[in-house]
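Let me begin by presenting the structure, written as structure tokens, before commenting on it.
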Amino acid sequence: MSLLEVRGVTKRFEGLLAVDSVDLDVEQGDIVGVIGPNGAGKTTLFNCLSGLEVPTGGEIRFRGQALSGRPDRFTRAGVARTFQNIRLFPHMTAFENVLVGRHCRTRVGLASAIGRGRKFHREERESETRADELLDFVGLARLGEVVARNLSYGDQRRLEIARALASDPGLLLLDEPRAGMNAQETRATADLVRRIRDRGVAVAVIEHDMRFIFGLCDRVAVLVQGRKLVEGTPAEVQGDPRVIEAYLGAPAG
Amino acid sequence: MKLEKPPAPAAAGAAALVVGTLSPWATFAGFPGKMSLGGFPGGARLFCLLLAAGALLFLLDVHGRRWAALATSAGAVAVVVVNLVALVDQGGGAGSVAWGACMSLAGAGLLVAAAWRLPPSSPAAGEATPTRAPVIEIAAIAAALLAVLGAVVWGLRIEESSRFVSFLVFVTFLSIAVHHLGVFSWLGAVFARHHRIALLLAGAVAVAFPFTQQGNAYWIRVFASIGVFAVAAIGLNVVVGLAGLLDLGYVAFFGVGAYVGALLSNAALTTSNVHLPFLLVVLLGGCIAAVFGLVIGAPTLRLRGDYLAIVTLGFGEIFRITANNWDGLTRGPNGISGIPDLALGGFDFGQSHAVLGVTLPGFANYYYVELVLICAAIVVFTRLNDSRIGRAWVAIREDEVAAAASGIDTIRLKLLAFAIGAFLAGAAGTVNAHVTTQVSPDSYTFLESILLVAAVVLGGMGTVPGALLGSTALFVIPEKLRSFQDKRLLLFGAALILLMRFRPEGLVPSRRRRRELREEAPEGVPGLAGATGAAPGGPAS
């Protein structure tokens, strides 16, 4: 049984078939890349996997259990994500952003929050320790008190990853994690993704940067016009004529 | 500190202003405040004279003095203008204006011009607030709170509308000046450092208020009504300020509580004969209102922003019309009246009591009940705000999709906010039934909902002092401007527009709210103190 099993997931918007019966497996400890030309349905697929879109058909199983419902259920089940266009809580501090990510792993309710018993303080301390550790892990240890909006672009992307990791996911979905980064930041991001995998979190990543994807991923799936065209190791995908055709068009004549 | 030589126009302006305020402003004796007599600053002239003290800023180069001097001198101009308008209006033409007023106006105008020409202040000597001895800081807190109490008592004693408007102008411009001198941001930091003592002292000041009224019930009664609205405003602040849900029918929850309180109190004219203990009724009123909140919220909280506002507006109207027509329960438009005073263990809340030689009228008892209720609401608000629940609310307000993707059950938390807001409003409503002794549908109109939202926005979203200040201002000022009759809503509206133009984050904003509305002033310095402090440095710096 794979960690994530996607079977025939389809998403239709009116007349447009954005995702067309895609199958995908992610194993424990995998880094899986999802590539494809613009409009191939990569982000829509991720939206289906994180509950932001309800698939028109097909099934998503995580750790053997079918996933459905609102996004928070997916996150609680262990699928966390980041966004292509960064979606932090802009006026909260970096530290608070990560604390919000702890929400689904904490239980303090109304009475406990008002009563402020021992349980409340213990849980708050645990959350804070965890948030500090995660900020340190992504390299933002000294920026915890900075308002998210004022962080640099790369730091905002790292913070989003820290927030996602705060929910203790088994699978992390990264939507273009290196968009807008320079070469050095890109290398640091690749390194960060590997370290996340080493923590036991499987990663699925959408990217347009081929060097980034082929240097990082164990397996790569190519999406073209909503369909999965090829899936295999980076070497297999790179050599496949169909992929070249999808990106560059068929040879003339 | 070195004294500077003031520019000649400033010296001349200050002299003219002082002489002018000590001279007659009116040519006829009928004008309130003995304005026709010279030699002493009677009536609104006192405010003008006090603002003239701002001219001392020309002697000292302190940070922010240019804007402070501008504020005091512009305030003096405004006070003179207010009184000129009143004189011409009430005295019958320009002939009723005496030379003192003109001289004051000229002096104040000169001061404005001189202040305008002051060089912009040197950057603040030390942005970090200097660490003073705790004793001095606590004394400063006490002094600030006493100043607030003093200002309230002083303002309430003023009878004439023109003088009260002058007083408001005086307080406003003085506050702006003090704000630009950095006093409020320093006080905010001090309050945050000693927040327990500050709360205790604030409570003491609130307890002391009825003793300043010398047995006069009128303002205690007004404040007893305000207390009820303050609790409701704190509840609405959970919904609007924290969770970011615009509720335009919020007063309906207040009404539900009031009807519950009325029906269970054994009123003279009622449809039920049930009489339950008051404490139980308060909880019951809150719970029933909360159930209403859940019933309204469950189907509608999937909507966002404007749509939710429309739906809640509709609910408010449905409540009012139902109360107006359900004769069997609510007695329709007649309402339920003759609600008896509370009695807890032999203590009759309607009686006046002599405490420490001061007679406290019956309304003071309700005032104290509301203080307790306000304290409870503050505890609920601040503790929830500072917990995973409060963080989740703020996250939902900032970006609902990201909040959901971060594992927050957004519907459930929005329902929770709705229910808590409704609970507080319902509990406040049960008390209000006893304060007003009658409950009828026309007390729960759309305008009341709007006023509550205005109180929260104007005071500052997401903070307790904001909600308290907002509800006080919204209920005291219209009360004071009664003699303006139909014009008072006009004045009130103008004040709202000015405030939203120059201080959109409200009077006492939360730190996060400031960040949202003042995009041009990024705040990246880690660990800045002053959770609810005023603006550091001000918009001009």
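By convention in this document, the chains of the structure tokens carry letters A, B, ... by their order, each chain's residues are numbered from 1, and ligands are numbered from 1 in the order they are shown.
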
Stretch 284-295 of chain B surroundings by only C-alpha atoms, 8 Å radius, close-in-sequence under 6 positions cut, as an MDAnalysis selection string: chainID B and resid 253:254 256:258 260:261 415 418:430

Please check the contacts: residues of chain A at most 9 Å away from chain B, using only C-alpha atoms, listed as a PDB file with N, CA and C atoms, in the first residue's frame.
ATOM      1  N   SER A  50      -5.486  18.343  -2.027  1.00  0.00           N
ATOM      2  CA  SER A  50      -5.515  19.013  -0.721  1.00  0.00           C
ATOM      3  C   SER A  50      -6.921  19.458  -0.340  1.00  0.00           C
ATOM      4  N   GLY A  51      -7.915  19.040  -1.121  1.00  0.00           N
ATOM      5  CA  GLY A  51      -9.297  19.313  -0.722  1.00  0.00           C
ATOM      6  C   GLY A  51      -9.823  20.672  -1.121  1.00  0.00           C
ATOM      7  N   LEU A  52      -9.023  21.484  -1.807  1.00  0.00           N
ATOM      8  CA  LEU A  52      -9.511  22.802  -2.207  1.00  0.00           C
ATOM      9  C   LEU A  52     -10.485  22.696  -3.379  1.00  0.00           C
ATOM     10  N   ARG A  70     -13.774  18.880   3.341  1.00  0.00           N
ATOM     11  CA  ARG A  70     -13.124  20.191   3.275  1.00  0.00           C
ATOM     12  C   ARG A  70     -11.622  20.071   3.497  1.00  0.00           C
ATOM     13  N   PRO A  71     -10.875  21.117   3.123  1.00  0.00           N
ATOM     14  CA  PRO A  71      -9.405  21.047   3.153  1.00  0.00           C
ATOM     15  C   PRO A  71      -8.832  20.676   4.512  1.00  0.00           C
ATOM     16  N   ASP A  72      -9.471  21.150   5.599  1.00  0.00           N
ATOM     17  CA  ASP A  72      -8.871  20.882   6.907  1.00  0.00           C
ATOM     18  C   ASP A  72      -8.822  19.380   7.212  1.00  0.00           C
ATOM     19  N   ARG A  73      -9.776  18.602   6.621  1.00  0.00           N
ATOM     20  CA  ARG A  73      -9.741  17.152   6.831  1.00  0.00           C
ATOM     21  C   ARG A  73      -8.507  16.544   6.179  1.00  0.00           C
ATOM     22  N   PHE A  74      -8.175  17.052   5.002  1.00  0.00           N
ATOM     23  CA  PHE A  74      -6.990  16.554   4.303  1.00  0.00           C
ATOM     24  C   PHE A  74      -5.745  16.852   5.133  1.00  0.00           C
ATOM     25  N   THR A  75      -5.708  18.074   5.669  1.00  0.00           N
ATOM     26  CA  THR A  75      -4.535  18.459   6.451  1.00  0.00           C
ATOM     27  C   THR A  75      -4.435  17.617   7.706  1.00  0.00           C
ATOM     28  N   ARG A  76      -5.583  17.400   8.353  1.00  0.00           N
ATOM     29  CA  ARG A  76      -5.555  16.603   9.572  1.00  0.00           C
ATOM     30  C   ARG A  76      -5.148  15.160   9.249  1.00  0.00           C
ATOM     31  N   ALA A  80      -0.277  18.190   3.694  1.00  0.00           N
ATOM     32  CA  ALA A  80      -0.151  19.638   3.822  1.00  0.00           C
ATOM     33  C   ALA A  80       0.359  20.209   2.511  1.00  0.00           C
ATOM     34  N   ARG A  81       0.192  21.520   2.309  1.00  0.00           N
ATOM     35  CA  ARG A  81       0.599  22.073   1.021  1.00  0.00           C
ATOM     36  C   ARG A  81       1.091  23.516   1.160  1.00  0.00           C
ATOM     37  N   THR A  82       1.783  23.971   0.118  1.00  0.00           N
ATOM     38  CA  THR A  82       2.079  25.393  -0.031  1.00  0.00           C
ATOM     39  C   THR A  82       1.433  25.851  -1.332  1.00  0.00           C
ATOM     40  N   PHE A  83       1.458  27.160  -1.567  1.00  0.00           N
ATOM     41  CA  PHE A  83       0.749  27.698  -2.720  1.00  0.00           C
ATOM     42  C   PHE A  83       1.718  28.323  -3.721  1.00  0.00           C
ATOM     43  N   ARG A  87       0.530  32.153   0.030  1.00  0.00           N
ATOM     44  CA  ARG A  87      -0.638  32.565   0.815  1.00  0.00           C
ATOM     45  C   ARG A  87      -0.328  32.436   2.289  1.00  0.00           C
ATOM     46  N   LEU A  88       0.419  33.405   2.799  1.00  0.00           N
ATOM     47  CA  LEU A  88       0.664  33.453   4.237  1.00  0.00           C
ATOM     48  C   LEU A  88      -0.437  34.292   4.877  1.00  0.00           C
ATOM     49  N   PHE A  89      -0.407  34.399   6.208  1.00  0.00           N
ATOM     50  CA  PHE A  89      -1.275  35.353   6.884  1.00  0.00           C
ATOM     51  C   PHE A  89      -0.447  36.623   7.023  1.00  0.00           C
ATOM     52  N   PRO A  90      -0.633  37.584   6.124  1.00  0.00           N
ATOM     53  CA  PRO A  90       0.374  38.623   5.917  1.00  0.00           C
ATOM     54  C   PRO A  90       0.644  39.510   7.134  1.00  0.00           C
ATOM     55  N   HIS A  91      -0.354  39.699   7.992  1.00  0.00           N
ATOM     56  CA  HIS A  91      -0.137  40.627   9.097  1.00  0.00           C
ATOM     57  C   HIS A  91       0.168  39.927  10.409  1.00  0.00           C
ATOM     58  N   MET A  92       0.308  38.625  10.357  1.00  0.00           N
ATOM     59  CA  MET A  92       0.754  37.916  11.550  1.00  0.00           C
ATOM     60  C   MET A  92       2.274  37.756  11.439  1.00  0.00           C
ATOM     61  N   GLU A  96       3.747  33.423  14.540  1.00  0.00           N
ATOM     62  CA  GLU A  96       2.301  33.184  14.625  1.00  0.00           C
ATOM     63  C   GLU A  96       1.815  32.354  13.440  1.00  0.00           C
ATOM     64  N   ASN A  97       2.381  32.602  12.270  1.00  0.00           N
ATOM     65  CA  ASN A  97       2.005  31.820  11.099  1.00  0.00           C
ATOM     66  C   ASN A  97       2.246  30.336  11.337  1.00  0.00           C
ATOM     67  N   LEU A  99       2.498  28.887  14.260  1.00  0.00           N
ATOM     68  CA  LEU A  99       1.589  28.431  15.327  1.00  0.00           C
ATOM     69  C   LEU A  99       0.220  28.066  14.742  1.00  0.00           C
ATOM     70  N   VAL A 100      -0.245  28.851  13.761  1.00  0.00           N
ATOM     71  CA  VAL A 100      -1.532  28.536  13.137  1.00  0.00           C
ATOM     72  C   VAL A 100      -1.464  27.145  12.501  1.00  0.00           C
ATOM     73  N   GLY A 101      -0.306  26.827  11.930  1.00  0.00           N
ATOM     74  CA  GLY A 101      -0.150  25.502  11.340  1.00  0.00           C
ATOM     75  C   GLY A 101      -0.301  24.374  12.347  1.00  0.00           C
ATOM     76  N   ARG A 102      -0.057  24.676  13.637  1.00  0.00           N
ATOM     77  CA  ARG A 102      -0.194  23.650  14.677  1.00  0.00           C
ATOM     78  C   ARG A 102      -1.660  23.394  15.010  1.00  0.00           C
ATOM     79  N   HIS A 103      -2.558  24.230  14.488  1.00  0.00           N
ATOM     80  CA  HIS A 103      -3.949  24.202  14.947  1.00  0.00           C
ATOM     81  C   HIS A 103      -4.546  22.797  14.971  1.00  0.00           C
ATOM     82  N   CYS A 104      -4.360  22.053  13.880  1.00  0.00           N
ATOM     83  CA  CYS A 104      -5.070  20.776  13.796  1.00  0.00           C
ATOM     84  C   CYS A 104      -4.388  19.700  14.635  1.00  0.00           C
ATOM     85  N   ARG A 105      -3.247  19.996  15.230  1.00  0.00           N
ATOM     86  CA  ARG A 105      -2.605  19.016  16.115  1.00  0.00           C
ATOM     87  C   ARG A 105      -2.747  19.403  17.571  1.00  0.00           C
ATOM     88  N   THR A 106      -3.501  20.439  17.864  1.00  0.00           N
ATOM     89  CA  THR A 106      -3.719  20.846  19.247  1.00  0.00           C
ATOM     90  C   THR A 106      -5.214  20.728  19.533  1.00  0.00           C
ATOM     91  N   ARG A 107      -5.549  20.674  20.831  1.00  0.00           N
ATOM     92  CA  ARG A 107      -6.935  20.357  21.143  1.00  0.00           C
ATOM     93  C   ARG A 107      -7.592  21.346  22.097  1.00  0.00           C
ATOM     94  N   VAL A 108      -6.861  22.299  22.633  1.00  0.00           N
ATOM     95  CA  VAL A 108      -7.455  23.186  23.637  1.00  0.00           C
ATOM     96  C   VAL A 108      -8.776  23.753  23.126  1.00  0.00           C
ATOM     97  N   GLY A 109      -9.819  23.578  23.921  1.00  0.00           N
ATOM     98  CA  GLY A 109     -11.140  24.053  23.504  1.00  0.00           C
ATOM     99  C   GLY A 109     -11.499  25.343  24.221  1.00  0.00           C
ATOM    100  N   LEU A 110     -12.770  25.713  24.059  1.00  0.00           N
ATOM    101  CA  LEU A 110     -13.266  26.965  24.612  1.00  0.00           C
ATOM    102  C   LEU A 110     -13.007  27.068  26.118  1.00  0.00           C
ATOM    103  N   ALA A 113      -9.348  27.300  27.048  1.00  0.00           N
ATOM    104  CA  ALA A 113      -8.731  28.568  26.654  1.00  0.00           C
ATOM    105  C   ALA A 113      -9.144  29.689  27.596  1.00  0.00           C
ATOM    106  N   ILE A 114     -10.390  29.649  28.097  1.00  0.00           N
ATOM    107  CA  ILE A 114     -10.841  30.692  29.018  1.00  0.00           C
ATOM    108  C   ILE A 114     -10.340  30.401  30.434  1.00  0.00           C
ATOM    109  N   GLY A 115     -10.352  29.113  30.798  1.00  0.00           N
ATOM    110  CA  GLY A 115      -9.971  28.737  32.155  1.00  0.00           C
ATOM    111  C   GLY A 115      -8.470  28.753  32.391  1.00  0.00           C
ATOM    112  N   ARG A 116      -7.674  28.608  31.330  1.00  0.00           N
ATOM    113  CA  ARG A 116      -6.220  28.646  31.441  1.00  0.00           C
ATOM    114  C   ARG A 116      -5.674  27.662  32.469  1.00  0.00           C
ATOM    115  N   PHE A 120      -3.712  23.886  29.164  1.00  0.00           N
ATOM    116  CA  PHE A 120      -3.579  24.986  28.204  1.00  0.00           C
ATOM    117  C   PHE A 120      -2.124  25.413  28.091  1.00  0.00           C
ATOM    118  N   GLU A 124       0.356  25.126  24.848  1.00  0.00           N
ATOM    119  CA  GLU A 124       0.912  26.336  24.236  1.00  0.00           C
ATOM    120  C   GLU A 124       2.431  26.243  24.175  1.00  0.00           C
ATOM    121  N   LEU A 143      14.004  35.363  12.543  1.00  0.00           N
ATOM    122  CA  LEU A 143      12.993  36.235  11.962  1.00  0.00           C
ATOM    123  C   LEU A 143      11.584  35.958  12.495  1.00  0.00           C
ATOM    124  N   GLY A 144      11.509  35.242  13.609  1.00  0.00           N
ATOM    125  CA  GLY A 144      10.206  34.842  14.128  1.00  0.00           C
ATOM    126  C   GLY A 144       9.269  35.997  14.408  1.00  0.00           C
ATOM    127  N   GLU A 145       9.808  37.126  14.867  1.00  0.00           N
ATOM    128  CA  GLU A 145       8.942  38.238  15.261  1.00  0.00           C
ATOM    129  C   GLU A 145       8.640  39.182  14.110  1.00  0.00           C
ATOM    130  N   VAL A 146       9.172  38.896  12.938  1.00  0.00           N
ATOM    131  CA  VAL A 146       8.929  39.784  11.799  1.00  0.00           C
ATOM    132  C   VAL A 146       7.554  39.480  11.203  1.00  0.00           C
ATOM    133  N   VAL A 147       6.837  40.525  10.859  1.00  0.00           N
ATOM    134  CA  VAL A 147       5.525  40.361  10.234  1.00  0.00           C
ATOM    135  C   VAL A 147       5.724  39.716   8.855  1.00  0.00           C
ATOM    136  N   ARG A 149       4.420  39.803   6.016  1.00  0.00           N
ATOM    137  CA  ARG A 149       4.415  40.637   4.828  1.00  0.00           C
ATOM    138  C   ARG A 149       5.784  41.271   4.568  1.00  0.00           C
ATOM    139  N   ASN A 150       6.533  41.502   5.646  1.00  0.00           N
ATOM    140  CA  ASN A 150       7.808  42.207   5.501  1.00  0.00           C
ATOM    141  C   ASN A 150       8.979  41.279   5.227  1.00  0.00           C
ATOM    142  N   LEU A 151       8.733  39.979   5.161  1.00  0.00           N
ATOM    143  CA  LEU A 151       9.811  39.048   4.862  1.00  0.00           C
ATOM    144  C   LEU A 151      10.155  39.118   3.371  1.00  0.00           C
ATOM    145  N   ARG A 163       5.067  26.482   7.991  1.00  0.00           N
ATOM    146  CA  ARG A 163       3.674  26.424   8.437  1.00  0.00           C
ATOM    147  C   ARG A 163       3.046  25.086   8.052  1.00  0.00           C
ATOM    148  N   ALA A 164       3.352  24.636   6.820  1.00  0.00           N
ATOM    149  CA  ALA A 164       2.795  23.355   6.388  1.00  0.00           C
ATOM    150  C   ALA A 164       3.359  22.219   7.232  1.00  0.00           C
ATOM    151  N   ALA A 166       4.236  22.319  10.230  1.00  0.00           N
ATOM    152  CA  ALA A 166       3.737  22.381  11.602  1.00  0.00           C
ATOM    153  C   ALA A 166       2.551  21.462  11.818  1.00  0.00           C
ATOM    154  N   SER A 167       1.866  21.078  10.743  1.00  0.00           N
ATOM    155  CA  SER A 167       0.720  20.182  10.918  1.00  0.00           C
ATOM    156  C   SER A 167       1.150  18.715  10.896  1.00  0.00           C
TER     157      SER A 167
END

Atom pair atom CA of B:Gly42 / atom CA of B:Gly54: separation (Å):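 A separation of 19.4 Å between them.
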
12 Å contact set for stretch 331-337 of chain B, only C-alpha atoms, chain neighbours under 6 positions out, as number ranges by chain: B: 255, 258-272, 319-325, 433-444

Helix (DSSP H, G or I) positions in stretch 425-512 of chain B, given as a PyMOL selection string: chain B and resi 425-436+441-443+446-459+464-480+482-502+511-512

Please provide the set of residues having any atom within 10 Å of B:Leu146, restricted to only C-alpha atoms, with same-chain residues fewer than 5 positions apart removed, written as a PDB file with C-alpha atoms, in the first residue's frame.
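Result went into part-v4.pdb, see below:
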ATOM      1  CA  ALA B 140       1.937  57.582  35.314  1.00  0.00           C
ATOM      2  CA  ILE B 141      -0.716  54.921  34.742  1.00  0.00           C
ATOM      3  CA  ALA B 151     -12.179  64.570  31.814  1.00  0.00           C
ATOM      4  CA  VAL B 152     -15.315  62.404  31.831  1.00  0.00           C
ATOM      5  CA  LEU B 201      -6.357  50.711  38.538  1.00  0.00           C
ATOM      6  CA  ALA B 202      -8.741  51.013  35.596  1.00  0.00           C
ATOM      7  CA  VAL B 205     -11.455  54.252  38.434  1.00  0.00           C
TER       8      VAL B 205
END

Top pick for closest residue to B:Phe315, considering B:Leu248, B:Ala143, B:Ala108, B:Ala74 and counting only C-alpha atoms: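 Distance minimum relative to B:Phe315 lands on B:Leu248.
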
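Picture a line from atom CA of A:Leu229 to atom CA of A:Gly64; it runs 25.5 Å.
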
Picked from stretch 1-240 of chain A by DSSP as strand (DSSP E), as an NGL selection string: :A and (4-13 or 16-26 or 31-35 or 57-62 or 65-66 or 79-81 or 171-175 or 202-206 or 219-224 or 227-232)

Atom-to-atom span, atom CA of B:Pro41 and atom CA of B:Gln213, Å: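 Straight-line distance from atom CA of B:Pro41 to atom CA of B:Gln213 works out to 24.9 Å.
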
Selection: 12 Å around B:Ala8, only C-alpha atoms, excl. self and same-chain fewer than 5 positions, as a PyMOL selection string: chain B and resi 13-15+55+58-59+110-111+113-115+117

Save out the residues we just selected, C-alpha atoms, as a short mmCIF file (atom, residue, chain, number, x, y, z; two decimals), in the first residue's frame.
data_model
loop_
_atom_site.label_atom_id
_atom_site.label_comp_id
_atom_site.auth_asym_id
_atom_site.auth_seq_id
_atom_site.Cartn_x
_atom_site.Cartn_y
_atom_site.Cartn_z
CA GLY B 13 0.06 85.38 18.80
CA ALA B 14 0.31 83.84 22.25
CA ALA B 15 -0.03 87.25 23.91
CA ALA B 55 2.65 78.05 22.71
CA PHE B 58 8.03 77.24 20.86
CA LEU B 59 10.48 77.46 23.74
CA LEU B 110 -0.87 83.76 14.22
CA LEU B 111 0.16 80.78 16.35
CA ALA B 113 1.16 80.26 11.09
CA ALA B 114 4.16 80.32 13.42
CA ALA B 115 3.81 76.61 14.19
CA ARG B 117 6.94 77.52 9.98
#
